[in-house]
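Right, one structure below, let's go through it.
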Amino acid sequence: MELIRDILSFLKERRKWWLGPVIVVLLVLTVILVLGGGSALAPYIYTLF
């Protein structure tokens, strides 16, 4: 949780609000690839990329 607080404080201090959506998209893609890597949905997820 400290890492998340550090990232949010960095974004707040530096006024780099455009980085927020970039971080969210990267996290969503990571979750999709990790969860889809070992499942039966893997062939369908890989066609998206």
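Chain labels run A, B, ... following the order of the structure tokens; each chain numbers its residues from 1, and ligands are numbered from 1 in the order shown.
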
Within 12 Å of Ile23 in chain A using only C-alpha atoms, minus same-chain residues under 6 positions, as a PyMOL selection string: chain A and resi 4+7-8+11+16-17+29-30

Enumerate as a VMD selection string all residues of chain A assigned to alpha helix (DSSP H) by DSSP on the backbone, naming them with the chain letters and numbers the document uses. chain A and resid 2 to 14 19 to 37 42 to 48

Selection file, N, CA, C and O atoms, as a compact mmCIF listing (two decimals), in the first residue's frame:
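Output below, filename again_18.txt:
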# COMPACT_ATOMS: atom_id res chain seq x y z
N GLU A 2 2.07 1.15 0.54
CA GLU A 2 2.95 2.32 0.57
C GLU A 2 3.38 2.72 -0.84
O GLU A 2 3.50 3.92 -1.13
N LEU A 3 3.57 1.74 -1.71
CA LEU A 3 3.94 2.03 -3.09
C LEU A 3 2.84 2.83 -3.79
O LEU A 3 3.12 3.80 -4.51
N ILE A 4 1.60 2.44 -3.56
CA ILE A 4 0.48 3.16 -4.17
C ILE A 4 0.42 4.59 -3.66
O ILE A 4 0.22 5.54 -4.43
N ARG A 5 0.62 4.76 -2.34
CA ARG A 5 0.63 6.12 -1.78
C ARG A 5 1.77 6.95 -2.35
O ARG A 5 1.61 8.14 -2.63
N ASP A 6 2.93 6.33 -2.54
CA ASP A 6 4.07 7.05 -3.12
C ASP A 6 3.78 7.49 -4.55
O ASP A 6 4.10 8.61 -4.94
N ILE A 7 3.18 6.60 -5.33
CA ILE A 7 2.86 6.94 -6.72
C ILE A 7 1.84 8.08 -6.76
O ILE A 7 2.00 9.03 -7.54
N LEU A 8 0.81 7.98 -5.93
CA LEU A 8 -0.20 9.04 -5.91
C LEU A 8 0.36 10.38 -5.44
O LEU A 8 0.02 11.43 -5.99
N SER A 9 1.24 10.34 -4.46
CA SER A 9 1.84 11.60 -4.00
C SER A 9 2.77 12.18 -5.07
O SER A 9 2.84 13.40 -5.24
N PHE A 10 3.46 11.32 -5.81
CA PHE A 10 4.30 11.80 -6.91
C PHE A 10 3.45 12.49 -7.97
O PHE A 10 3.79 13.57 -8.45
N LEU A 11 2.33 11.83 -8.34
CA LEU A 11 1.45 12.42 -9.35
C LEU A 11 0.89 13.75 -8.87
O LEU A 11 0.76 14.70 -9.65
N LYS A 12 0.57 13.83 -7.60
CA LYS A 12 0.00 15.06 -7.04
C LYS A 12 1.03 16.19 -6.98
O LYS A 12 0.73 17.33 -7.33
N GLU A 13 2.23 15.86 -6.53
CA GLU A 13 3.28 16.88 -6.40
C GLU A 13 3.75 17.40 -7.75
O GLU A 13 3.93 18.60 -7.94
N ARG A 14 3.98 16.51 -8.68
CA ARG A 14 4.57 16.88 -9.97
C ARG A 14 3.53 17.31 -11.01
O ARG A 14 3.90 17.69 -12.10
N LEU A 19 -0.23 10.67 -16.35
CA LEU A 19 0.34 9.35 -16.10
C LEU A 19 -0.66 8.39 -15.46
O LEU A 19 -0.50 7.17 -15.55
N GLY A 20 -1.70 8.92 -14.84
CA GLY A 20 -2.70 8.08 -14.18
C GLY A 20 -3.35 7.08 -15.13
O GLY A 20 -3.34 5.88 -14.86
N PRO A 21 -3.93 7.56 -16.24
CA PRO A 21 -4.54 6.59 -17.17
C PRO A 21 -3.53 5.61 -17.78
O PRO A 21 -3.88 4.45 -18.04
N VAL A 22 -2.31 6.04 -17.98
CA VAL A 22 -1.28 5.14 -18.52
C VAL A 22 -1.01 4.01 -17.54
O VAL A 22 -0.94 2.83 -17.93
N ILE A 23 -0.90 4.32 -16.28
CA ILE A 23 -0.65 3.30 -15.25
C ILE A 23 -1.83 2.35 -15.15
O ILE A 23 -1.66 1.13 -15.06
N VAL A 24 -3.05 2.88 -15.21
CA VAL A 24 -4.24 2.03 -15.12
C VAL A 24 -4.31 1.07 -16.30
O VAL A 24 -4.59 -0.12 -16.13
N VAL A 25 -4.05 1.55 -17.50
CA VAL A 25 -4.10 0.70 -18.69
C VAL A 25 -3.04 -0.40 -18.60
O VAL A 25 -3.30 -1.56 -18.92
N LEU A 26 -1.84 -0.04 -18.16
CA LEU A 26 -0.79 -1.05 -18.02
C LEU A 26 -1.16 -2.12 -16.99
O LEU A 26 -0.89 -3.31 -17.18
N LEU A 27 -1.77 -1.71 -15.89
CA LEU A 27 -2.19 -2.67 -14.88
C LEU A 27 -3.29 -3.59 -15.40
O LEU A 27 -3.26 -4.80 -15.16
N VAL A 28 -4.23 -3.05 -16.15
CA VAL A 28 -5.31 -3.87 -16.71
C VAL A 28 -4.75 -4.88 -17.71
O VAL A 28 -5.12 -6.06 -17.69
N LEU A 29 -3.85 -4.44 -18.57
CA LEU A 29 -3.24 -5.37 -19.53
C LEU A 29 -2.44 -6.46 -18.83
O LEU A 29 -2.45 -7.62 -19.25
N THR A 30 -1.75 -6.10 -17.77
CA THR A 30 -0.98 -7.08 -17.01
C THR A 30 -1.89 -8.13 -16.39
O THR A 30 -1.60 -9.33 -16.45
N VAL A 31 -2.99 -7.69 -15.80
CA VAL A 31 -3.93 -8.63 -15.19
C VAL A 31 -4.53 -9.55 -16.24
O VAL A 31 -4.65 -10.76 -16.02
N ILE A 32 -4.89 -9.01 -17.39
CA ILE A 32 -5.46 -9.84 -18.46
C ILE A 32 -4.45 -10.89 -18.91
O ILE A 32 -4.80 -12.06 -19.09
N LEU A 33 -3.20 -10.51 -19.09
CA LEU A 33 -2.20 -11.46 -19.56
C LEU A 33 -1.86 -12.51 -18.51
O LEU A 33 -1.65 -13.68 -18.84
N VAL A 34 -1.81 -12.11 -17.25
CA VAL A 34 -1.48 -13.08 -16.20
C VAL A 34 -2.61 -14.06 -16.00
O VAL A 34 -2.38 -15.28 -15.91
N LEU A 35 -3.84 -13.57 -15.93
CA LEU A 35 -4.97 -14.48 -15.71
C LEU A 35 -5.28 -15.31 -16.94
O LEU A 35 -5.73 -16.44 -16.83
N GLY A 36 -5.06 -14.76 -18.12
CA GLY A 36 -5.36 -15.48 -19.34
C GLY A 36 -4.27 -16.41 -19.79
O GLY A 36 -4.48 -17.24 -20.68
N GLY A 37 -3.12 -16.33 -19.20
CA GLY A 37 -1.99 -17.16 -19.63
C GLY A 37 -2.19 -18.64 -19.39
O GLY A 37 -1.75 -19.46 -20.19
N ALA A 42 -7.03 -18.36 -23.09
CA ALA A 42 -5.77 -17.84 -23.60
C ALA A 42 -5.77 -17.63 -25.12
O ALA A 42 -5.32 -16.57 -25.57
N PRO A 43 -6.24 -18.57 -25.92
CA PRO A 43 -6.22 -18.34 -27.38
C PRO A 43 -7.04 -17.13 -27.80
O PRO A 43 -6.69 -16.43 -28.74
N TYR A 44 -8.13 -16.87 -27.08
CA TYR A 44 -8.97 -15.74 -27.43
C TYR A 44 -8.35 -14.40 -27.00
O TYR A 44 -8.50 -13.40 -27.66
N ILE A 45 -7.66 -14.43 -25.85
CA ILE A 45 -7.01 -13.21 -25.38
C ILE A 45 -5.84 -12.86 -26.29
O ILE A 45 -5.63 -11.70 -26.61
N TYR A 46 -5.09 -13.85 -26.73
CA TYR A 46 -3.93 -13.57 -27.58
C TYR A 46 -4.33 -13.02 -28.93
O TYR A 46 -3.56 -12.31 -29.56
N THR A 47 -5.54 -13.33 -29.39
CA THR A 47 -5.98 -12.75 -30.67
C THR A 47 -6.24 -11.27 -30.55
O THR A 47 -6.25 -10.57 -31.56
N LEU A 48 -6.47 -10.77 -29.34
CA LEU A 48 -6.68 -9.34 -29.15
C LEU A 48 -5.39 -8.56 -29.39
O LEU A 48 -5.43 -7.40 -29.78
